[in-house]
Each structure stands twice: as C-alpha cells, then as structure tokens.
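One file, final-v5.cif, is given below (mmCIF, C-alpha atoms).
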```
data_entry
loop_
_atom_site.label_atom_id
_atom_site.label_comp_id
_atom_site.auth_asym_id
_atom_site.auth_seq_id
_atom_site.Cartn_x
_atom_site.Cartn_y
_atom_site.Cartn_z
CA MET A 1 -5.07 -17.87 3.23
CA GLU A 2 -6.16 -14.29 3.70
CA HIS A 3 -8.05 -15.34 6.82
CA ILE A 4 -4.92 -16.99 8.27
CA GLU A 5 -2.79 -13.95 7.44
CA HIS A 6 -5.35 -11.70 9.11
CA LEU A 7 -5.28 -13.83 12.28
CA SER A 8 -1.51 -13.88 12.31
CA GLN A 9 -1.21 -10.08 12.19
CA ASN A 10 0.36 -8.48 15.23
CA PRO A 11 -2.45 -6.88 17.26
CA ASN A 12 -0.08 -4.09 18.33
CA ALA A 13 0.68 -3.32 14.68
CA THR A 14 -3.03 -3.19 13.93
CA LYS A 15 -3.59 -0.77 16.81
CA LYS A 16 -0.71 1.40 15.64
CA LYS A 17 -2.15 1.44 12.12
CA GLN A 18 -5.58 2.45 13.43
CA SER A 19 -3.99 5.08 15.65
CA ALA A 20 -2.04 6.50 12.72
CA SER A 21 -5.21 6.58 10.64
CA GLY A 22 -7.05 8.41 13.42
CA GLN A 23 -4.16 10.85 13.77
CA LYS A 24 -4.26 11.52 10.02
CA ARG A 25 -7.97 12.29 10.21
CA SER A 26 -7.43 14.52 13.22
CA ASN A 27 -4.64 16.41 11.43
CA GLU A 28 -6.83 16.86 8.35
CA ILE A 29 -9.56 18.49 10.42
CA ALA A 30 -6.99 20.61 12.26
CA ASN A 31 -5.50 21.79 8.96
CA GLN A 32 -8.94 22.79 7.71
CA LYS A 33 -10.09 24.50 10.93
CA TRP A 34 -10.32 27.98 9.37
CA ALA A 35 -12.15 26.63 6.35
CA ILE A 36 -14.59 24.84 8.65
CA ALA A 37 -15.08 28.05 10.66
CA SER A 38 -15.73 29.95 7.43
CA LEU A 39 -18.27 27.40 6.22
CA SER A 40 -19.93 27.45 9.64
CA SER A 41 -20.41 31.19 9.28
CA ILE A 42 -22.85 30.64 6.38
CA PRO A 43 -25.63 28.78 8.23
CA LEU A 44 -24.97 31.05 11.20
CA VAL A 45 -25.55 34.17 9.09
CA MET A 46 -28.57 32.72 7.28
CA THR A 47 -30.12 31.71 10.59
CA LEU A 48 -29.51 35.17 12.01
CA GLY A 49 -31.19 36.67 8.94
CA ASN A 50 -34.41 34.77 9.69
CA SER A 51 -34.61 33.86 13.37
CA MET A 52 -33.34 37.27 14.51
CA LEU A 53 -36.72 38.69 13.50
CA ILE A 54 -38.75 36.32 15.72
CA PRO A 55 -38.65 38.51 18.87
CA VAL A 56 -39.21 41.63 16.72
CA LEU A 57 -42.51 40.43 15.18
CA PRO A 58 -44.85 41.81 17.88
CA SER A 59 -43.15 45.25 17.61
CA MET A 60 -43.36 45.09 13.83
CA GLU A 61 -47.06 44.31 14.14
CA LYS A 62 -47.61 47.51 16.15
CA GLU A 63 -45.31 49.76 14.10
CA LEU A 64 -46.76 48.75 10.74
CA SER A 65 -50.34 48.28 11.99
CA ILE A 66 -50.62 44.77 10.57
CA SER A 67 -51.99 41.44 11.84
CA SER A 68 -50.02 38.60 13.44
CA PHE A 69 -50.59 36.56 10.30
CA GLN A 70 -49.05 39.33 8.17
CA THR A 71 -46.02 39.51 10.45
CA SER A 72 -45.61 35.74 10.19
CA MET A 73 -45.32 36.19 6.41
CA VAL A 74 -42.11 38.19 6.97
CA ILE A 75 -40.59 34.86 8.04
CA THR A 76 -42.50 32.75 5.54
CA VAL A 77 -41.76 34.67 2.30
CA TYR A 78 -38.02 34.24 2.94
CA SER A 79 -38.46 30.48 3.00
CA ILE A 80 -41.00 30.18 0.17
CA VAL A 81 -38.60 31.77 -2.32
CA ALA A 82 -35.74 29.58 -1.11
CA ILE A 83 -37.82 26.41 -1.48
CA PHE A 84 -38.03 26.75 -5.26
CA LEU A 85 -34.50 28.03 -5.88
CA ILE A 86 -32.51 25.65 -3.66
CA PRO A 87 -32.58 22.72 -6.15
CA VAL A 88 -31.45 25.09 -8.93
CA ALA A 89 -28.58 26.30 -6.75
CA GLY A 90 -27.66 22.70 -5.92
CA TYR A 91 -27.54 21.75 -9.59
CA LEU A 92 -25.41 24.80 -10.43
CA SER A 93 -23.02 24.05 -7.57
CA ASP A 94 -22.52 20.53 -8.91
CA HIS A 95 -21.57 21.94 -12.31
CA ILE A 96 -19.87 25.32 -11.93
CA GLY A 97 -18.46 24.96 -8.41
CA ARG A 98 -19.64 25.52 -4.83
CA LYS A 99 -17.94 28.89 -4.17
CA LYS A 100 -19.16 30.35 -7.46
CA VAL A 101 -22.70 29.85 -6.17
CA ILE A 102 -22.19 30.65 -2.48
CA ILE A 103 -20.44 34.04 -2.75
CA PRO A 104 -22.92 35.77 -5.14
CA SER A 105 -25.76 34.34 -3.07
CA LEU A 106 -24.43 35.91 0.14
CA ILE A 107 -24.14 39.27 -1.65
CA ILE A 108 -27.74 39.04 -2.90
CA ALA A 109 -28.96 38.15 0.61
CA GLY A 110 -27.17 41.21 2.03
CA ILE A 111 -28.80 43.48 -0.56
CA GLY A 112 -32.20 42.08 0.43
CA GLY A 113 -31.54 43.03 4.04
CA LEU A 114 -30.66 46.58 3.00
CA ILE A 115 -33.91 46.92 1.04
CA SER A 116 -36.05 45.75 3.97
CA GLY A 117 -34.18 48.00 6.39
CA PHE A 118 -34.40 51.07 4.19
CA ALA A 119 -38.14 50.53 3.59
CA SER A 120 -38.75 50.20 7.35
CA TRP A 121 -36.79 53.39 7.98
CA LYS A 122 -37.96 55.73 5.22
CA MET A 123 -41.31 54.53 3.89
CA ASP A 124 -44.76 55.05 5.37
CA ASP A 125 -46.38 51.98 3.81
CA ALA A 126 -43.34 49.76 4.09
CA TYR A 127 -44.83 46.27 4.51
CA TRP A 128 -44.80 45.12 0.87
CA ILE A 129 -41.29 46.48 0.22
CA ILE A 130 -40.11 44.70 3.37
CA LEU A 131 -41.55 41.48 1.94
CA ALA A 132 -39.76 42.14 -1.37
CA GLY A 133 -36.46 42.57 0.47
CA ARG A 134 -37.14 39.40 2.43
CA ALA A 135 -37.84 37.56 -0.82
CA LEU A 136 -34.44 38.69 -2.13
CA GLN A 137 -32.86 37.43 1.09
CA GLY A 138 -34.54 34.11 0.36
CA VAL A 139 -32.91 34.06 -3.09
CA GLY A 140 -29.54 34.49 -1.40
CA ALA A 141 -30.29 31.90 1.26
CA ALA A 142 -31.14 29.33 -1.44
CA GLY A 143 -27.62 29.50 -2.88
CA ALA A 144 -25.69 29.77 0.37
CA ALA A 145 -26.58 27.56 3.34
CA PRO A 146 -27.75 24.45 1.41
CA ILE A 147 -24.47 24.28 -0.55
CA VAL A 148 -22.38 23.98 2.62
CA MET A 149 -23.36 20.36 3.22
CA PRO A 150 -22.17 18.98 -0.15
CA LEU A 151 -19.04 21.15 0.05
CA VAL A 152 -18.09 19.48 3.33
CA GLY A 153 -18.58 16.13 1.63
CA ASP A 154 -16.20 17.28 -1.14
CA MET A 155 -13.52 18.49 1.26
CA PHE A 156 -13.17 15.33 3.37
CA LYS A 157 -12.80 11.79 2.11
CA ASN A 158 -13.23 10.06 5.46
CA ASP A 159 -16.80 9.48 6.68
CA ASP A 160 -15.85 10.22 10.32
CA ASP A 161 -14.49 13.62 9.30
CA VAL A 162 -17.60 14.36 7.26
CA SER A 163 -19.92 13.47 10.16
CA CYS A 164 -17.84 15.46 12.63
CA CYS A 165 -17.77 18.54 10.41
CA LEU A 166 -21.46 18.30 9.58
CA GLY A 167 -22.11 18.18 13.32
CA LEU A 168 -20.10 21.39 13.71
CA ILE A 169 -21.99 23.00 10.82
CA GLU A 170 -25.35 22.01 12.29
CA THR A 171 -24.17 23.28 15.67
CA SER A 172 -23.31 26.60 14.06
CA ASN A 173 -26.80 26.65 12.58
CA THR A 174 -28.38 25.97 15.95
CA PHE A 175 -26.03 28.40 17.70
CA GLY A 176 -27.34 31.01 15.30
CA LYS A 177 -30.83 30.13 16.52
CA VAL A 178 -29.65 30.61 20.13
CA LEU A 179 -27.96 33.92 19.38
CA SER A 180 -30.73 35.21 17.11
CA PRO A 181 -33.46 36.05 19.64
CA ILE A 182 -30.96 37.68 22.00
CA LEU A 183 -29.25 39.72 19.28
CA GLY A 184 -32.55 40.54 17.55
CA ALA A 185 -34.15 41.74 20.79
CA PHE A 186 -31.01 43.71 21.70
CA LEU A 187 -30.84 45.53 18.36
CA ALA A 188 -34.59 46.13 18.24
CA GLY A 189 -34.29 47.71 21.69
CA PHE A 190 -32.58 50.66 19.96
CA ILE A 191 -34.63 50.79 16.71
CA TRP A 192 -37.11 48.06 15.79
CA PHE A 193 -35.81 47.69 12.22
CA LEU A 194 -32.10 47.64 13.10
CA PRO A 195 -31.89 43.81 12.69
CA PHE A 196 -32.52 44.29 8.94
CA PHE A 197 -29.44 46.54 8.63
CA SER A 198 -27.22 44.22 10.67
CA PHE A 199 -27.70 41.34 8.22
CA PRO A 200 -25.62 42.84 5.35
CA VAL A 201 -22.74 43.31 7.79
CA PHE A 202 -22.81 39.61 8.70
CA CYS A 203 -23.03 38.65 5.01
CA THR A 204 -19.96 40.76 4.18
CA ILE A 205 -17.91 39.06 6.90
CA SER A 206 -18.97 35.62 5.66
CA VAL A 207 -18.14 36.51 2.02
CA LEU A 208 -14.61 37.58 2.97
CA MET A 209 -14.05 34.40 4.99
CA ILE A 210 -15.24 32.15 2.15
CA MET A 211 -13.16 34.01 -0.44
CA PHE A 212 -9.86 33.81 1.42
CA LEU A 213 -10.08 30.83 3.77
CA VAL A 214 -11.98 28.12 1.87
CA LYS A 215 -10.24 26.20 -0.91
CA CYS A 216 -12.53 23.86 -2.83
CA PRO A 217 -10.98 20.57 -3.99
CA LYS A 218 -10.01 20.74 -7.65
CA SER A 219 -12.02 18.44 -9.88
CA THR A 220 -10.37 17.00 -12.98
CA GLU A 221 -13.67 15.57 -14.22
CA LYS A 222 -15.88 17.43 -16.69
CA PRO A 223 -19.43 18.24 -15.56
CA ILE A 224 -21.94 15.56 -16.47
CA PRO A 225 -24.32 16.60 -19.30
CA PHE A 226 -27.74 17.57 -17.99
CA LYS A 227 -29.48 14.58 -19.62
CA ASP A 228 -27.08 12.09 -18.02
CA PHE A 229 -27.16 13.99 -14.74
CA PHE A 230 -30.96 13.91 -14.67
CA SER A 231 -30.91 10.16 -15.38
CA ASN A 232 -28.46 9.60 -12.52
CA VAL A 233 -30.60 11.62 -10.08
CA LYS A 234 -33.70 9.71 -11.20
CA LYS A 235 -31.83 6.43 -10.67
CA THR A 236 -30.75 7.58 -7.20
CA PHE A 237 -34.35 8.28 -6.19
CA THR A 238 -35.46 4.96 -7.69
CA GLU A 239 -32.85 2.97 -5.75
CA LYS A 240 -32.76 4.99 -2.52
CA GLY A 241 -36.10 6.79 -2.58
CA ARG A 242 -37.50 5.01 0.48
CA TRP A 243 -35.03 6.44 2.97
CA LEU A 244 -34.44 9.70 1.06
CA TYR A 245 -38.14 10.63 1.13
CA ALA A 246 -38.24 9.69 4.80
CA ILE A 247 -35.34 12.02 5.64
CA PHE A 248 -36.87 14.83 3.57
CA PHE A 249 -40.15 14.43 5.45
CA ILE A 250 -38.54 14.27 8.90
CA GLY A 251 -36.34 17.32 8.21
CA GLY A 252 -39.35 19.34 7.07
CA ILE A 253 -41.39 18.34 10.14
CA LEU A 254 -38.59 19.20 12.57
CA MET A 255 -38.23 22.69 11.07
CA PHE A 256 -42.02 23.16 11.11
CA VAL A 257 -42.12 22.21 14.78
CA LEU A 258 -39.12 24.36 15.68
CA PHE A 259 -40.32 27.56 14.01
CA GLY A 260 -43.87 26.93 15.17
CA ILE A 261 -42.53 26.74 18.73
CA LEU A 262 -40.51 29.94 18.33
CA PHE A 263 -43.46 31.89 16.94
CA TYR A 264 -45.77 30.62 19.68
CA LEU A 265 -43.29 31.43 22.45
CA SER A 266 -42.66 34.93 21.11
CA GLU A 267 -46.39 35.67 21.21
CA LEU A 268 -46.91 33.94 24.57
CA PHE A 269 -44.05 35.70 26.37
CA GLU A 270 -45.08 39.18 25.27
CA LYS A 271 -48.87 38.98 25.32
CA GLU A 272 -49.48 36.61 28.26
CA TYR A 273 -46.52 37.27 30.55
CA GLY A 274 -45.39 40.76 29.53
CA ILE A 275 -41.86 39.52 28.80
CA LYS A 276 -40.32 41.87 26.24
CA ASP A 277 -37.09 43.07 24.65
CA LEU A 278 -33.80 41.51 25.75
CA LYS A 279 -35.41 39.45 28.50
CA LYS A 280 -37.65 37.80 25.93
CA GLY A 281 -34.60 37.11 23.78
CA PHE A 282 -32.92 35.24 26.63
CA PHE A 283 -36.08 33.25 27.36
CA LEU A 284 -36.37 32.24 23.70
CA ALA A 285 -32.71 31.22 23.73
CA LEU A 286 -33.20 28.60 26.48
CA PRO A 287 -34.75 25.81 24.36
CA LEU A 288 -32.52 26.82 21.45
CA GLY A 289 -29.44 26.51 23.64
CA ALA A 290 -30.48 22.96 24.51
CA LEU A 291 -30.92 22.28 20.78
CA CYS A 292 -27.44 23.65 20.04
CA LEU A 293 -25.72 21.55 22.72
CA SER A 294 -27.48 18.31 21.78
CA SER A 295 -26.70 18.94 18.09
CA PHE A 296 -23.00 19.33 18.89
CA ILE A 297 -22.94 16.12 20.98
CA SER A 298 -24.88 14.17 18.36
CA GLY A 299 -22.45 15.21 15.60
CA LYS A 300 -19.51 14.05 17.72
CA VAL A 301 -21.06 10.70 18.65
CA ILE A 302 -22.51 9.38 15.40
CA LYS A 303 -19.29 9.27 13.33
CA LYS A 304 -20.15 6.97 10.37
CA ASN A 305 -22.47 4.62 12.29
CA LYS A 306 -25.67 4.86 10.26
CA VAL A 307 -27.56 2.47 12.53
CA LEU A 308 -26.81 4.77 15.46
CA MET A 309 -27.92 7.75 13.36
CA LYS A 310 -31.32 6.12 12.87
CA TRP A 311 -31.90 5.38 16.55
CA ILE A 312 -30.68 8.76 17.76
CA THR A 313 -33.05 10.41 15.28
CA PHE A 314 -35.94 8.20 16.40
CA GLY A 315 -35.26 8.78 20.10
CA GLY A 316 -34.84 12.53 19.67
CA VAL A 317 -38.08 12.96 17.72
CA ILE A 318 -40.02 10.79 20.20
CA ALA A 319 -38.76 13.02 23.03
CA THR A 320 -39.96 16.05 21.05
CA ALA A 321 -43.40 14.51 20.50
CA LEU A 322 -43.88 13.57 24.16
CA SER A 323 -42.69 16.91 25.56
CA ILE A 324 -44.98 18.92 23.25
CA SER A 325 -47.94 16.64 23.99
CA ALA A 326 -47.37 17.21 27.71
CA LEU A 327 -48.22 20.90 27.22
CA TRP A 328 -51.88 19.85 27.01
CA PHE A 329 -51.88 19.79 30.85
CA SER A 330 -50.44 23.26 31.58
CA ILE A 331 -49.06 26.42 29.97
CA SER A 332 -47.52 27.92 33.10
CA LEU A 333 -44.32 29.78 32.22
CA TRP A 334 -41.57 27.47 33.48
CA TYR A 335 -43.47 24.31 32.61
CA VAL A 336 -43.74 25.54 29.00
CA ILE A 337 -40.06 26.46 28.91
CA THR A 338 -39.04 23.08 30.36
CA MET A 339 -41.12 21.09 27.88
CA PHE A 340 -39.85 23.10 24.93
CA LEU A 341 -36.30 22.70 26.26
CA ILE A 342 -36.78 18.92 26.05
CA SER A 343 -38.20 19.25 22.55
CA GLY A 344 -35.16 21.36 21.60
CA ILE A 345 -32.86 18.59 22.78
CA GLY A 346 -34.79 16.07 20.67
CA ILE A 347 -34.63 18.18 17.51
CA GLY A 348 -30.94 18.88 18.07
CA LEU A 349 -30.17 15.16 18.35
CA GLY A 350 -31.86 14.37 15.06
CA LEU A 351 -30.64 17.11 12.70
CA PRO A 352 -26.92 16.14 12.44
CA CYS A 353 -27.95 12.52 11.86
CA LEU A 354 -30.19 13.49 8.95
CA ASP A 355 -27.41 15.65 7.47
CA ALA A 356 -24.88 12.82 7.69
CA LEU A 357 -27.24 10.21 6.25
CA ILE A 358 -27.82 12.41 3.19
CA THR A 359 -24.19 13.39 2.63
CA GLU A 360 -22.66 9.96 3.15
CA GLY A 361 -25.32 8.06 1.23
CA ILE A 362 -25.15 10.00 -2.06
CA GLU A 363 -22.48 10.07 -4.76
CA LYS A 364 -20.43 13.27 -5.01
CA GLU A 365 -21.75 14.18 -8.48
CA GLU A 366 -25.35 14.32 -7.24
CA ARG A 367 -24.70 15.38 -3.66
CA GLY A 368 -25.39 19.06 -4.21
CA THR A 369 -28.73 18.44 -5.90
CA ILE A 370 -30.01 15.79 -3.47
CA SER A 371 -28.96 17.74 -0.38
CA SER A 372 -30.58 20.83 -1.87
CA VAL A 373 -33.90 19.02 -2.21
CA TYR A 374 -33.52 18.09 1.46
CA SER A 375 -32.83 21.74 2.32
CA SER A 376 -35.95 22.74 0.38
CA MET A 377 -38.03 20.42 2.53
CA ARG A 378 -36.57 21.99 5.66
CA PHE A 379 -37.43 25.44 4.30
CA ILE A 380 -41.01 24.28 3.68
CA GLY A 381 -41.21 23.55 7.40
CA VAL A 382 -39.77 26.97 8.25
CA ALA A 383 -42.24 28.65 5.89
CA ALA A 384 -45.33 26.80 7.10
CA GLY A 385 -44.73 26.93 10.86
CA PRO A 386 -45.34 30.61 11.78
CA PRO A 387 -48.48 31.29 9.69
CA ILE A 388 -50.21 28.06 10.74
CA ILE A 389 -49.46 28.74 14.41
CA ALA A 390 -50.66 32.34 13.93
CA LEU A 391 -54.00 31.02 12.65
CA LEU A 392 -54.31 28.47 15.48
CA LEU A 393 -53.59 31.17 18.08
CA LYS A 394 -57.00 32.64 17.24
CA HIS A 395 -58.58 29.42 18.55
CA ALA A 396 -57.77 27.11 21.47
CA THR A 397 -54.01 26.82 22.03
CA GLN A 398 -54.40 23.09 22.71
CA TRP A 399 -54.73 22.59 18.97
CA ILE A 400 -51.18 23.90 18.58
CA PHE A 401 -49.85 21.19 20.89
CA ILE A 402 -51.99 18.50 19.26
CA LEU A 403 -50.70 19.45 15.80
CA LEU A 404 -47.01 19.76 16.72
CA GLY A 405 -47.06 16.63 18.89
CA SER A 406 -48.86 14.53 16.26
CA LEU A 407 -46.51 15.61 13.47
CA SER A 408 -43.48 14.82 15.64
CA LEU A 409 -44.87 11.36 16.41
CA LEU A 410 -45.48 10.78 12.69
CA ALA A 411 -41.88 11.81 11.94
CA ALA A 412 -40.56 9.39 14.58
CA LEU A 413 -42.59 6.51 13.10
CA THR A 414 -41.27 7.41 9.65
CA ALA A 415 -37.68 7.19 10.95
CA LEU A 416 -38.44 3.83 12.56
CA ILE A 417 -40.08 2.26 9.51
CA ALA A 418 -38.41 3.81 6.46
CA ILE A 419 -34.76 4.32 7.46
CA LYS A 420 -33.14 0.88 7.45
CA PRO A 421 -29.34 1.05 7.27
CA LYS A 422 -27.52 -2.27 7.31
CA ALA A 423 -25.27 -3.21 10.19
CA HIS A 424 -22.12 -2.42 8.21
CA GLY A 425 -23.36 1.15 7.71
CA GLN A 426 -24.85 1.21 4.22
CA LYS A 427 -28.46 1.74 3.38
CA SER A 428 -30.55 -1.21 2.33
#
```
Could you show the structure in this file as structure tokens?
Amino acid sequence: MEHIEHLSQNPNATKKKQSASGQKRSNEIANQKWAIASLSSIPLVMTLGNSMLIPVLPSMEKELSISSFQTSMVITVYSIVAIFLIPVAGYLSDHIGRKKVIIPSLIIAGIGGLISGFASWKMDDAYWIILAGRALQGVGAAGAAPIVMPLVGDMFKNDDDVSCCLGLIETSNTFGKVLSPILGAFLAGFIWFLPFFSFPVFCTISVLMIMFLVKCPKSTEKPIPFKDFFSNVKKTFTEKGRWLYAIFFIGGILMFVLFGILFYLSELFEKEYGIKDLKKGFFLALPLGALCLSSFISGKVIKKNKVLMKWITFGGVIATALSISALWFSISLWYVITMFLISGIGIGLGLPCLDALITEGIEKEERGTISSVYSSMRFIGVAAGPPIIALLLKHATQWIFILLGSLSLLAALTALIAIKPKAHGQKS
C-alpha cells in the first residue's frame, strides 16, 4: 500500500517539498553565517601560528646560530604537545561544552606567542624559551582547532549543511596556509621575530568573535559518566575501527607530506635559488593556494555522499603521490612548483572528505573525542614532517621524494581498501 501511495504522489508536489527542504537548509546556513565565520577564524589563527614561521626558519637559524634541525623543532614542539592534549580537550568539550574549552585555549595560545616573541626580542640565549612558548601555543591549539569540527556537527542537523560547513572550515584552514608564508615573510621583513607578536593579536580577535557570535546548541541531556562514556568509545572503535583507523592514518600522512613539502621548499628557495623575504612567501603560497581552492570545491561537491568522499580522497592522494614521485626527474624551479601545486590540489581534495566522514559517522556524544583523536593524528604528521625532511636534506634529496611519494601511495591504497561506505551513504 505504501508503495502504491508513493507512486501515486504528485511529482510536482515532491519537487516542491524537496525545494522547500533545500531552502530551509540554505536559510539555516545563511542565519549562521557569522557563527560560521567565527568558527572559521579558529583554524585560520592556529594555522597562522604555525605555518607563518615556515619562511622565517632560515632567518631564525642565522639569528640564533642553530642548525636546520633545531629550527624544525620550533614547528615540531608545537604539534607534539598538541598531540597528547587534543583527546583530553575533546573529552572535556563533550562534557563541559565546546566554548568553555575553546576560549581559554585561544587565550593560552596567545600567551605562548607573547613568551616566544619576548624571548626572541630580549634574551641572548633565547632558543629554549622560544620552544617553551611554542609548547604553550601547542597547549592552546589542542583545545581550539580540533573542537571546531564536532561543534559544527552540533550546530547543524542536516548532513549536507555539516559537509558544506566543514568544507568552509577546512578551506579557512588551508587559506591560513596560503596567507601564512606571505604574512610571515612580510612581518619578518621588518623584524624576524615579529610573527610571534602578531599571533596574540589574531587570538584576541578570534576570542571576541567566538564569545559574541557563536551560540552553542543547548543540551538537555546530562553528561555521560566517564565509565559509560569510555565503554561507548570502545564500542565505537570495535564496530567502526576499520575505517576510523584508515582515516586517522590518511590524515596524518597528508599533514606529514604537506609540512614536509613546505619545509623543503623554504630551504630550497632560499639556499638554492636565493629567493627570500616576501617573494619567497608568494612562491610558497602557490601550491597552498591550489590546496585551498580544491578544498573549497571538494567541500561543496561531496554533500553527504560518502561513496563520493571515498573516491575523491583516493583520487586526490593518488595525484599527490604521482606528482611528488615525478620530482625524481628534475628539481628545476618551475617544475618543482608545478608538481607541488598538483600535490596541493590532491591534498585539498581529500581533507574535507576525511572531516565529513568522521563527523557524520560518529554519534554526537562521542564526536568531540573521536574527532580529537583524528586531529592528534594530523598533528603527528605536522610534527614529524619538518625534522625528518631536515635530516634527509643532509643526504640526497631524491630520498625526500621517495619517502613522500611512497607514503602518499600507501595512504591512497588505505583509502581504497579500508574505507567502504555503502551505496546509501552509511559505513559498512
């Protein structure tokens, strides 16, 4: 009977209903545009706090009389601290509220920037105090950027809206990566440590936006006791571990490749081609701009189609693997830039898909914790990339391309084999 009634429905009425539903979703996003902009400021600021230092590293090496490996640790220590604290922040956000974790974290990150900047300005042996300030920034980063993803999932009930907004958030993240080398090189052109002092300013702006423009949905449910919560998370990993571990691995590899590329390019431009300051910032921004654009397009296209998410991720990571492997044949300037531009496109296609798969595949009560574990894996990639590339730079550069290309290929195969969403959009 239901089948007959379905067939007898007026097609025009069905279209009108779908149109009204789409209009409702569109209005919901439009009504939340300032909240979305505020949330987007968080990954933008956190990205600026890290990637803005990439073009400054060679200058830091000279000013502090340290090695390239030591300068790479300025990036790495930020991420190492975040790796361990992100799951704690995710758990707290599930229980005491997202904003109550995000706002103090942004303040702590700003204080860390002030410490690093002051040490660079006033101290003779500043390196270890700079690292301490960077570690404090990592504490703040752990409780800020990773909490955005579950908060978006809380704010929107419709999967299309969630995917669209996550695409915008990831685009903001990647836009920060585009802006970072340009802004970092520009500020360092005045005083090499000025990027440290700019970070607290960005944090303050983001704090004010979150305080006044973001309204978290009110929850009438009491927080789950830790024992029950732990059991639920364990059950989630038991039932969905196959594709969750795959996404964690792929996210970590993509960040390793990206920050390995950035560190390599920063060294290559300055030491091999004499490209410095603002010009170097613009050159670094080229592959990152491609990443930003492809991330935006991917977030718009995927909606709630999990099968499409899988294949876009696979295709993007394969493109990354092939373009990096092609660098075996030449490291002439524009050839390198072109190949890394292609790899940027591939990474940008995959990241919003991974975000959406995590957010839409996990229950709200555990979303903060699971997405935080995913963020930790991404931070592992960020932490490991620069120092490993710094060590490989002392040997044949071909090993850099072999490593990054092989890891990208492994990530693509993982996406192909382990991520198996059903046709109707749910994971198997």
(message) Evaluate the PyMOL selection byres ((chain A and resi 414) around 10) against this structure - the residues, as a ChimeraX atom specification, please.
(response) /A:243,245-247,249-250,314,408-413,415-419
(request) Pull out every residue that the PyMOL selection byres ((chain A and resi 43) around 8) matches in the shown coordinates and put them as a count of residues only. (result) 15
(request) Counting all atoms listed in the file, select every polymer residue within 7 Å of (-35.7, 11.7, 18.8) as defined in the file's coordinates, and provide the selection as a PyMOL selection string. (result) chain A and resi 312-320+346-347+349-350+412
(request) Can you work out the spacing between atom CA of Gly381 of chain A and atom CA of Gly138 of chain A in Å, to one decimal? (result) 14.3 Å
(message) For a cutoff of 12 Å around the file-coordinate point (-26.3, 41.3, 19.0), which residues qualify once you count only C-alpha atoms? I'd like the result as a ChimeraX atom specification.
(response) /A:48,52,176,178-190,194-195,198-199,201-202,278,281-282
(message) Take the PyMOL selection byres ((chain A and resi 28-37) around 12), run it mentally on this structure, and tell me the resulting residues as an NGL selection string.
(response) :A and (21-27 or 38-44 or 148-149 or 151-153 or 155-158 or 160-173 or 205-206 or 208-216)
What does the file look like for those residues with C-alpha atoms, as an mmCIF file, in the coordinates of the input?
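Produced file again.cif, reproduced below:
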```cif
data_model
loop_
_atom_site.group_PDB
_atom_site.id
_atom_site.type_symbol
_atom_site.label_atom_id
_atom_site.label_comp_id
_atom_site.auth_asym_id
_atom_site.auth_seq_id
_atom_site.Cartn_x
_atom_site.Cartn_y
_atom_site.Cartn_z
ATOM 1 C CA SER A 21 -5.210 6.580 10.640
ATOM 2 C CA GLY A 22 -7.050 8.410 13.420
ATOM 3 C CA GLN A 23 -4.160 10.850 13.770
ATOM 4 C CA LYS A 24 -4.260 11.520 10.020
ATOM 5 C CA ARG A 25 -7.970 12.290 10.210
ATOM 6 C CA SER A 26 -7.430 14.520 13.220
ATOM 7 C CA ASN A 27 -4.640 16.410 11.430
ATOM 8 C CA SER A 38 -15.730 29.950 7.430
ATOM 9 C CA LEU A 39 -18.270 27.400 6.220
ATOM 10 C CA SER A 40 -19.930 27.450 9.640
ATOM 11 C CA SER A 41 -20.410 31.190 9.280
ATOM 12 C CA ILE A 42 -22.850 30.640 6.380
ATOM 13 C CA PRO A 43 -25.630 28.780 8.230
ATOM 14 C CA LEU A 44 -24.970 31.050 11.200
ATOM 15 C CA VAL A 148 -22.380 23.980 2.620
ATOM 16 C CA MET A 149 -23.360 20.360 3.220
ATOM 17 C CA LEU A 151 -19.040 21.150 0.050
ATOM 18 C CA VAL A 152 -18.090 19.480 3.330
ATOM 19 C CA GLY A 153 -18.580 16.130 1.630
ATOM 20 C CA MET A 155 -13.520 18.490 1.260
ATOM 21 C CA PHE A 156 -13.170 15.330 3.370
ATOM 22 C CA LYS A 157 -12.800 11.790 2.110
ATOM 23 C CA ASN A 158 -13.230 10.060 5.460
ATOM 24 C CA ASP A 160 -15.850 10.220 10.320
ATOM 25 C CA ASP A 161 -14.490 13.620 9.300
ATOM 26 C CA VAL A 162 -17.600 14.360 7.260
ATOM 27 C CA SER A 163 -19.920 13.470 10.160
ATOM 28 C CA CYS A 164 -17.840 15.460 12.630
ATOM 29 C CA CYS A 165 -17.770 18.540 10.410
ATOM 30 C CA LEU A 166 -21.460 18.300 9.580
ATOM 31 C CA GLY A 167 -22.110 18.180 13.320
ATOM 32 C CA LEU A 168 -20.100 21.390 13.710
ATOM 33 C CA ILE A 169 -21.990 23.000 10.820
ATOM 34 C CA GLU A 170 -25.350 22.010 12.290
ATOM 35 C CA THR A 171 -24.170 23.280 15.670
ATOM 36 C CA SER A 172 -23.310 26.600 14.060
ATOM 37 C CA ASN A 173 -26.800 26.650 12.580
ATOM 38 C CA ILE A 205 -17.910 39.060 6.900
ATOM 39 C CA SER A 206 -18.970 35.620 5.660
ATOM 40 C CA LEU A 208 -14.610 37.580 2.970
ATOM 41 C CA MET A 209 -14.050 34.400 4.990
ATOM 42 C CA ILE A 210 -15.240 32.150 2.150
ATOM 43 C CA MET A 211 -13.160 34.010 -0.440
ATOM 44 C CA PHE A 212 -9.860 33.810 1.420
ATOM 45 C CA LEU A 213 -10.080 30.830 3.770
ATOM 46 C CA VAL A 214 -11.980 28.120 1.870
ATOM 47 C CA LYS A 215 -10.240 26.200 -0.910
ATOM 48 C CA CYS A 216 -12.530 23.860 -2.830
#
```
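Here the question is which of A:Thr338, A:Ser298, A:Thr204, A:Ser120 gets nearest to Met60 of chain A using all atoms listed in the file, and that residue is A:Ser120.
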Please put the answer as lines of an AutoDock Vina configuration file: centre and edge lengths, in Å with one decimal, of a box along x, y and z that encloses all listed atoms of segment 110-122 of chain A plus 8 Å on each side.
```
center_x = -33.0
center_y = 48.5
center_z = 3.7
size_x = 27.6
size_y = 30.5
size_z = 24.5
```
